[in-house]
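**Q** My structure is stored as final38.csv, with CSV, C-alpha atoms.
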chain,number,residue,atom,x,y,z
A,1,MET,CA,0.0,0.0,0.0
A,2,ALA,CA,2.8,2.4,0.9
A,3,ALA,CA,4.6,1.5,-2.4
A,4,SER,CA,1.4,2.4,-4.4
A,5,ILE,CA,1.1,5.7,-2.6
A,6,LEU,CA,4.7,6.5,-3.3
A,7,VAL,CA,4.3,5.6,-7.0
A,8,GLY,CA,1.2,7.8,-7.2
A,9,ARG,CA,2.8,10.8,-5.6
A,10,THR,CA,5.9,10.4,-7.8
A,11,ALA,CA,3.7,10.2,-10.9
A,12,ALA,CA,1.7,13.3,-9.8
A,13,PHE,CA,4.9,15.2,-9.1
A,14,CYS,CA,6.4,14.2,-12.6
A,15,GLY,CA,3.2,15.3,-14.2
A,16,THR,CA,3.4,18.6,-12.4
A,17,LEU,CA,6.9,19.2,-13.6
A,18,LYS,CA,6.0,18.2,-17.1
A,19,GLY,CA,3.1,20.6,-17.1
A,20,ALA,CA,5.3,23.3,-15.8
A,21,SER,CA,7.9,22.8,-18.5
A,22,LEU,CA,5.2,22.8,-21.2
A,23,SER,CA,3.7,26.0,-19.9
A,24,ARG,CA,6.9,28.0,-20.0
A,25,ALA,CA,6.1,29.3,-23.5
A,26,ILE,CA,2.6,30.3,-22.5
A,27,LEU,CA,2.7,31.6,-18.9
A,28,PRO,CA,4.4,34.9,-18.0
A,29,VAL,CA,7.7,34.9,-16.1
A,30,ASN,CA,6.1,35.8,-12.7
A,31,CYS,CA,3.5,33.0,-13.1
A,32,ARG,CA,6.1,30.5,-14.0
A,33,CYS,CA,8.2,31.4,-11.0
A,34,GLU,CA,5.3,31.2,-8.6
A,35,PHE,CA,4.3,27.8,-10.1
A,36,VAL,CA,7.8,26.5,-9.6
A,37,LEU,CA,8.0,27.8,-6.1
A,38,GLN,CA,4.7,26.1,-5.2
A,39,ALA,CA,6.0,22.8,-6.7
A,40,ALA,CA,9.2,23.2,-4.8
A,41,ARG,CA,7.4,23.8,-1.5
A,42,TYR,CA,5.3,20.7,-1.9
A,43,ASN,CA,6.0,18.5,1.2
A,44,PRO,CA,3.6,15.7,1.8
A,45,LYS,CA,2.7,14.8,5.3
A,46,PRO,CA,4.8,11.8,6.4
A,47,LEU,CA,3.2,8.7,7.9
A,48,TRP,CA,4.4,8.8,11.5
A,49,LEU,CA,4.8,5.3,13.1
A,50,ASN,CA,5.5,5.0,16.8
A,51,LEU,CA,7.6,1.9,16.7
A,52,ARG,CA,8.9,2.3,20.2
A,53,ASP,CA,5.5,2.4,21.8
A,54,PRO,CA,2.9,1.2,19.3
A,55,TYR,CA,-0.7,1.2,20.1
A,56,VAL,CA,-1.9,-2.3,20.9
A,57,PRO,CA,-5.5,-2.5,22.1
A,58,ASP,CA,-6.3,-4.4,25.2
A,59,LYS,CA,-8.7,-7.1,24.2
A,60,GLU,CA,-9.8,-7.9,27.7
A,61,SER,CA,-11.0,-4.3,28.3
A,62,ASN,CA,-14.6,-3.4,27.9
A,63,LYS,CA,-13.6,0.0,26.6
A,64,THR,CA,-11.9,-1.4,23.5
A,65,PRO,CA,-14.1,-1.4,20.5
A,66,GLU,CA,-15.1,-4.8,19.1
A,67,TRP,CA,-13.6,-4.2,15.7
A,68,GLN,CA,-10.2,-3.8,17.4
A,69,LYS,CA,-10.5,-7.2,18.9
A,70,THR,CA,-10.7,-9.0,15.6
A,71,SER,CA,-8.0,-11.0,13.8
A,72,ARG,CA,-8.4,-8.6,10.9
A,73,TYR,CA,-7.2,-5.7,13.1
A,74,ASP,CA,-4.4,-7.8,14.3
A,75,ARG,CA,-3.2,-8.3,10.8
A,76,LYS,CA,-3.4,-4.6,10.2
A,77,LEU,CA,-1.3,-3.9,13.3
A,78,PHE,CA,1.3,-6.5,12.4
A,79,GLY,CA,1.5,-5.1,8.8
A,80,ARG,CA,2.1,-1.6,10.2
A,81,TYR,CA,4.4,-2.2,13.2
A,82,GLY,CA,5.7,-5.7,12.5
A,83,SER,CA,7.1,-7.6,15.5
A,84,ALA,CA,6.8,-4.4,17.6
A,85,SER,CA,3.1,-5.0,17.7
A,86,GLY,CA,3.7,-8.0,19.9
A,87,ILE,CA,1.4,-10.2,17.7
A,88,ALA,CA,2.6,-13.7,16.8
A,89,PRO,CA,2.7,-14.2,13.0
A,90,ALA,CA,1.4,-17.7,13.4
A,91,SER,CA,-1.9,-16.4,14.9
A,92,LEU,CA,-2.5,-14.4,11.8
A,93,TRP,CA,-2.8,-17.5,9.6
A,94,PRO,CA,-6.4,-18.4,8.8
A,95,SER,CA,-8.0,-21.2,10.7
A,96,PRO,CA,-8.9,-24.5,8.9
A,97,GLU,CA,-12.5,-23.3,8.5
A,98,GLU,CA,-11.5,-19.9,7.2
A,99,LEU,CA,-8.9,-21.6,4.9
A,100,GLU,CA,-11.6,-23.9,3.5
A,101,LYS,CA,-13.9,-21.0,2.9
A,102,ILE,CA,-11.1,-19.1,1.1
A,103,VAL,CA,-10.3,-22.1,-1.1
A,104,ALA,CA,-14.0,-22.5,-1.9
A,105,GLU,CA,-14.3,-18.8,-2.8
A,106,GLU,CA,-11.1,-19.1,-4.9
A,107,LYS,CA,-12.5,-22.0,-6.8
A,108,GLU,CA,-15.9,-20.3,-7.4
A,109,TRP,CA,-14.6,-16.9,-8.4
A,110,HIS,CA,-11.2,-17.7,-9.8
A,111,PRO,CA,-11.4,-21.3,-11.2
A,112,PRO,CA,-8.3,-22.8,-12.9
A,113,LEU,CA,-7.7,-22.4,-16.6
A,114,GLU,CA,-8.8,-26.0,-17.4
A,115,VAL,CA,-12.2,-25.4,-15.7
A,116,LEU,CA,-12.6,-22.1,-17.6
A,117,LEU,CA,-11.9,-23.7,-20.9
A,118,LYS,CA,-14.3,-26.5,-20.1
A,119,ASN,CA,-17.0,-24.0,-19.2
A,120,ILE,CA,-16.4,-22.0,-22.4
A,121,GLU,CA,-16.6,-25.2,-24.5
A,122,ALA,CA,-19.8,-26.3,-22.7
A,123,ARG,CA,-21.4,-22.9,-23.2
A,124,GLU,CA,-20.4,-22.9,-26.9
A,125,THR,CA,-21.8,-26.4,-27.4
A,126,GLU,CA,-25.1,-25.4,-25.8
A,127,GLU,CA,-25.3,-22.3,-27.9
A,128,THR,CA,-24.6,-24.3,-31.0
A,129,GLU,CA,-27.3,-26.9,-30.2
A,130,LYS,CA,-29.8,-24.1,-29.5
A,131,ARG,CA,-28.9,-22.4,-32.8
A,132,LEU,CA,-29.2,-25.7,-34.8
A,133,ALA,CA,-32.5,-26.5,-33.1
A,134,LYS,CA,-33.8,-23.0,-34.0
A,135,GLU,CA,-32.6,-23.3,-37.6
A,136,LYS,CA,-34.3,-26.8,-37.9
A,137,LEU,CA,-37.6,-25.4,-36.5
A,138,ILE,CA,-37.4,-22.5,-39.0
A,139,ALA,CA,-36.7,-24.8,-41.9
A,140,ALA,CA,-39.6,-27.1,-40.9
A,141,ASN,CA,-42.0,-24.1,-40.6
A,142,MET,CA,-40.8,-22.7,-44.0
A,143,ALA,CA,-41.5,-26.1,-45.6
A,144,LYS,CA,-45.0,-26.0,-44.2
A,145,MET,CA,-45.5,-22.4,-45.3
A,146,PRO,CA,-47.0,-23.1,-48.8
A,147,LYS,CA,-49.6,-25.5,-47.3
A,148,MET,CA,-50.4,-23.1,-44.5
A,149,VAL,CA,-50.9,-20.3,-47.0
A,150,GLU,CA,-53.1,-22.5,-49.2
A,151,ASP,CA,-55.2,-23.6,-46.2
A,152,TRP,CA,-55.6,-20.0,-45.1
A,153,ARG,CA,-56.7,-18.9,-48.5
A,154,ARG,CA,-59.2,-21.9,-48.7
A,155,GLU,CA,-60.6,-21.0,-45.3
A,156,LYS,CA,-60.9,-17.4,-46.4
A,157,ARG,CA,-62.8,-18.5,-49.6
A,158,GLU,CA,-65.1,-20.8,-47.6
A,159,ALA,CA,-65.9,-18.2,-45.1
A,160,LYS,CA,-66.6,-15.7,-47.8
A,161,GLN,CA,-68.8,-18.2,-49.7
A,162,LYS,CA,-70.6,-19.1,-46.5
A,163,LEU,CA,-71.3,-15.4,-45.7
A,164,LYS,CA,-72.6,-15.0,-49.3
A,165,GLU,CA,-74.9,-18.0,-48.9
A,166,GLU,CA,-76.2,-16.7,-45.6
A,167,LYS,CA,-77.0,-13.3,-47.1
A,168,GLU,CA,-78.8,-14.9,-50.1
A,169,ARG,CA,-80.7,-17.3,-47.8
A,170,LYS,CA,-81.8,-14.4,-45.6
A,171,ALA,CA,-82.9,-12.3,-48.6
A,172,LYS,CA,-84.8,-15.3,-49.9
A,173,LEU,CA,-86.6,-15.8,-46.6
A,174,LEU,CA,-87.5,-12.1,-46.4
A,175,ALA,CA,-88.9,-12.2,-49.9
A,176,GLU,CA,-90.9,-15.3,-49.1
A,177,ALA,CA,-92.2,-13.7,-45.8
A,178,ARG,CA,-93.2,-10.6,-47.7
A,179,GLU,CA,-95.0,-12.7,-50.3
A,180,ARG,CA,-96.7,-14.8,-47.5
A,181,PHE,CA,-97.8,-11.9,-45.2
A,182,GLY,CA,-98.1,-9.2,-47.8
A,183,TYR,CA,-95.7,-6.7,-46.1
A,184,ASN,CA,-92.1,-6.4,-45.1
A,185,VAL,CA,-91.4,-8.4,-42.0
A,186,ASP,CA,-88.8,-7.6,-39.3
A,187,PRO,CA,-86.3,-10.6,-39.3
A,188,ARG,CA,-86.4,-10.4,-35.4
A,189,SER,CA,-90.2,-10.7,-35.2
A,190,PRO,CA,-91.8,-13.9,-33.9
A,191,LYS,CA,-93.7,-14.4,-37.2
A,192,PHE,CA,-90.6,-14.4,-39.2
A,193,LEU,CA,-88.8,-16.8,-36.8
A,194,GLU,CA,-91.8,-19.2,-36.8
A,195,MET,CA,-91.8,-19.1,-40.6
A,196,VAL,CA,-88.1,-19.9,-40.7
A,197,ALA,CA,-88.5,-22.8,-38.2
A,198,GLU,CA,-91.3,-24.2,-40.4
A,199,ILE,CA,-89.3,-23.9,-43.6
A,200,GLU,CA,-86.2,-25.6,-41.9
A,201,LYS,CA,-88.5,-28.4,-40.7
A,202,GLU,CA,-89.9,-28.9,-44.3
A,203,GLU,CA,-86.3,-28.8,-45.7
A,204,LYS,CA,-85.2,-31.4,-43.2
A,205,LYS,CA,-88.1,-33.7,-44.1
A,206,LYS,CA,-87.3,-33.3,-47.8
A,207,ARG,CA,-83.6,-34.2,-47.2
A,208,LYS,CA,-84.6,-37.3,-45.2
A,209,LEU,CA,-87.0,-38.4,-47.9
A,210,LEU,CA,-84.3,-37.9,-50.6
A,211,LYS,CA,-81.8,-39.8,-48.6
A,212,ARG,CA,-84.2,-42.7,-48.1
A,213,ARG,CA,-85.1,-42.8,-51.9
A,214,GLN,CA,-81.4,-42.9,-52.8
A,215,LYS,CA,-80.9,-45.9,-50.4
A,216,GLU,CA,-83.8,-47.7,-52.0
A,217,GLU,CA,-82.5,-47.0,-55.5
A,218,GLN,CA,-79.1,-48.3,-54.5
A,219,ALA,CA,-80.6,-51.5,-53.0
A,220,ALA,CA,-82.8,-52.1,-56.1
A,221,ALA,CA,-80.0,-51.6,-58.6
A,222,PRO,CA,-78.4,-54.8,-59.9
A,223,PRO,CA,-74.9,-55.6,-58.7
A,224,ALA,CA,-72.1,-54.7,-61.0
A,225,ALA,CA,-70.8,-57.6,-63.1
A,226,GLN,CA,-67.5,-59.1,-62.1
A,227,PRO,CA,-64.8,-58.9,-64.9
With the file now loaded, output its structure as structure tokens.
**A**
Amino acid sequence: MAASILVGRTAAFCGTLKGASLSRAILPVNCRCEFVLQAARYNPKPLWLNLRDPYVPDKESNKTPEWQKTSRYDRKLFGRYGSASGIAPASLWPSPEELEKIVAEEKEWHPPLEVLLKNIEARETEETEKRLAKEKLIAANMAKMPKMVEDWRREKREAKQKLKEEKERKAKLLAEARERFGYNVDPRSPKFLEMVAEIEKEEKKKRKLLKRRQKEEQAAAPPAAQP
């Protein structure tokens, strides 16, 4: 951490000097001198470490905060003061439970290269299978497309023909009702509905008689000669 701070301060100072050298041709002489003096007076506050009498919290005291009684704080003290902190380095090593947890997290978040390659291969295989299945489904649907279009057009023609027949039948019934009653009849009136029911009953009877006659003719017809 101290090395990173030192590197950052050095980079900042070098950048300051570089900016000062580039600005010589732009800034006036007085401004350049003041800028150089400010850079020369730059003195970062040092990190004072009391190695003779370092602060080591008393873990038995109730006044000591709980966060200063943890092993994490012990590691911080040992990293700052070293052996002067009075902390045994062996006590800073993680326990078996903590070590197992660290290893498990390492395997989960930073798996080895072989595992990463296997995961990538499995993901690519899965994506390829999904793509091939999708392409197969699209090809099958495209093969069915002409028949689906033809069926849709046939259904459209049949619906149009049925609607036309219904209109013609309704117009025929209205004309027959006008001829029977002598005036225009409302298609929602009981008279018109009774007439329609009567006509449908007669038509059903005619169809039944026609079907029976066809059966009788088929039964009376001589059988076809065998070749």
**Q** In Å, how far is it from CA of Pro57 in chain A to CA of Ile87 in chain A?
**A** 11.2 Å
**Q** Quote the spacing between CA of Arg178 in chain A and CA of Leu193 in chain A in Å to one decimal place.
**A** 13.3 Å
**Q** Arg169 in chain A: which residues within 12 Å, counting all atoms listed in the file, same-chain residues fewer than 5 positions away excluded, as number ranges by chain?
**A** A: 162-164, 174-176, 196, 199-200
**Q** Would you mind reading off the distance between CA of Tyr55 in chain A and CA of Ser83 in chain A, one decimal, in Å?
**A**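 Computing the Euclidean distance for CA of Tyr55 in chain A and CA of Ser83 in chain A yields 12.6 Å.
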**Q** Please list as a PyMOL selection string every residue within 9 Å of Asp58 in chain A, counting only C-alpha atoms and excluding residues in the same chain fewer than 4 positions away.
**A** chain A and resi 62-64+68-69
